[in-house]
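A.B. asks: Right, I'll just put the structure down here and ask away after.
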Amino acid sequence: MSKNLSKDTEWFLSIYSILLLVYPREFRREYGSQMVLLLLDCQRDARTAPARTRIWFRTLVDLVRTAPREHLEKIRKDNNLMRNLRTDLFAIGGCILIILAALLLLNYGRSHQVSSILVFGFALDAIAFTGVVGNLIVFLLIKLTRFRPLRVAFFTFLIVSLAPAIALTVIALAVDPKFNAPNVLIGYVVSFFFWYGLHWLWSNKLRPSETA
Amino acid sequence: MKVPTRRPEEFLPLTPAMFHILLALADKERHGYHIMREVDERTEGNVKLGPGTLYGSIKRMMGDGLIEELEERPDPELDDERRRYYRLTDFGFRVATAEAQRLERMVRSARAKKLLPRTKSG
């Protein structure tokens with residue numbers, strides 16, 4: 001760094017390297033050396049002492065202006081991460097509760113032969129199944145890809161609801177002609193609208209704004 | 001590389017520093033000091049990007065997928081190998097175009113209000 005540099009330039013670059021401590025650590029690590037290199041280039045090109053002084057002054061003003069901005073951005077990013085984590089946990093907890101409630105209700109209805117619950121038995125079955133499989137796929141796809149969450153939910157629940165409904169109907173009708181295919185199909189249709197509706201509500205009405 | 005899911009218009013208006021950096025990278029890839037010099041020369045010394053402004057903007061633009069860092073380093077015999085080179089992404093080009101069109105519309109409005117002299121063609 002110190003090849004062909006005047007003493008005052010070397011001194012200023014050393015001071016600037018220390019002053020970079022005012023930036024957030026990640027920013028410093030990523031761009032600190034590039035910023036010193038940039039300043040070194042500027043100093044090399046400045047031929048006169050007044051030109052070098054102007055560069056020093058401008059650089060210090062720039063540092064005072066931009067360091068707070070980088071800190072604010074880091075704070076905002078950290079807050080967003082925490083908020084996203086809380087929101088994710090809340091959404092996962094909600095899904096687990098709904099699935100557990102459906103299973104418990106179904107179990108209670110079957111063991112006590114409660115007809116009003118058993119009427120919805122097919123739908124509850126489908127809600128529990130597509131809830132576990134569909135939400136797991138949706139969660140993974142949203143976290144691992146950059147597809148739009150609502151679109152992911154739509155296609156996932158469409159596939160997760162249609163596939164077992166058609167497979168069950170085809171296989172069960174071949175084995176048992178008395179199999180109640182229309183109710184199974186209705187159950188999966190209800191399940192699709194139930195889960196996709198919840199995701200739509202979550203995206204449009206319930207989820208706290210990420211840009212806030 | 002980050003794949004942008006937003007539309008170019010959602011990034012507008014760009015900050016002056018961001019637009020100048022996009023303009024500097026529109027014709028070829030450059031390193032930080034090269035960008036700074038290009039902006040300085042193009043604006044006849046009216047815009048001088050400091051190191052914090054330049055690299056703060058570069059960080060945000062890389063995060064948004066407007067520019068990307070070149071993986072290959074310069075030949076040590078020709079250039080300082082510590083230098084990092086940046087180039088515009090396709091998405092960055094679309095954002096820069098959208099911003100240029102926005103500014104063009106504003107200049108047209110200013111002409112219509114007689115804040116600027118009319119061009120021969122207009």
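Residues in the structure tokens are named by chain (A, B, ... in the order shown) and by number from 1 within that chain; ligands are numbered from 1 in the order shown.
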Just need the residues of chain A within 12 Å of chain B, counting only C-alpha atoms, so spit them out as number ranges by chain.
C.D. replies: A: 1, 16, 19-20, 22-24, 26-45, 54-71, 73-74, 145-149
A.B. asks: Excluding A:Ala128 and its own-chain neighbours fewer than 4 positions away, which residues fall within 12 Å of it when counting only C-alpha atoms? Please give them as a PyMOL selection string.
C.D. replies: chain A and resi 95-107+121-124+132-135+160-161+187-188+190-192+194-195
A.B. asks: List as a tab-separated table (two decimals) with C-alpha atoms, in the first residue's frame the protein and nucleic acid residues near B:Ala24, meaning an atom at most 8 Å away when only C-alpha atoms are counted, but skip any in the same chain fewer than 4 places from it.
C.D. replies:
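part-v3.tsv, freshly written:
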```tsv
chain	number	residue	atom	x	y	z
B	20	HIS	CA	-25.14	7.12	-11.50
B	28	LYS	CA	-18.89	-2.14	-19.26
B	30	ARG	CA	-15.81	-1.49	-13.65
B	35	ILE	CA	-17.06	3.90	-11.23
B	38	GLU	CA	-16.64	7.78	-14.56
B	39	VAL	CA	-19.36	9.51	-12.53
```
A.B. asks: Could you go through chain B and tell me which residues DSSP, when run on the backbone, assigns to alpha helix (DSSP H), listing them as a VMD selection string?
C.D. replies: chain B and resid 16 to 26 32 to 42 51 to 63 90 to 112
A.B. asks: Report the distance between atom CA of B:Leu23 and atom CA of B:Pro117 in Å, rounded to one decimal place.
C.D. replies: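 Atom CA of B:Pro117 lies 25.1 Å from atom CA of B:Leu23.
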A.B. asks: How many Å separate atom CA of A:Leu185 from atom CA of A:Trp200?
C.D. replies: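 We find that atom CA of A:Leu185 and atom CA of A:Trp200 lie 22.2 Å from each other.
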A.B. asks: How many Å separate atom CA of A:Val138 from atom CA of A:Thr156?
C.D. replies: 6.6 Å
A.B. asks: Once DSSP has gone over the backbone, tell me which residues of chain B are in strand (DSSP E or B), as a PyMOL selection string.
C.D. replies: chain B and resi 30-31+67-69+85-88
A.B. asks: Between A:Ser203, A:Thr9, A:Ser116, A:Asn79, which residue has the minimum interatomic distance to A:Arg52, considering only C-alpha atoms?
C.D. replies: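 Under the stated criterion, the closest residue is A:Thr9.
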A.B. asks: Ranking A:Phe155, A:Phe120, A:Tyr196, A:Phe139 by minimum distance to A:Asp88 and counting only C-alpha atoms, which one comes first?
C.D. replies: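 Of A:Phe155, A:Phe120, A:Tyr196, A:Phe139, the one nearest A:Asp88 is A:Phe139, counting only C-alpha atoms.
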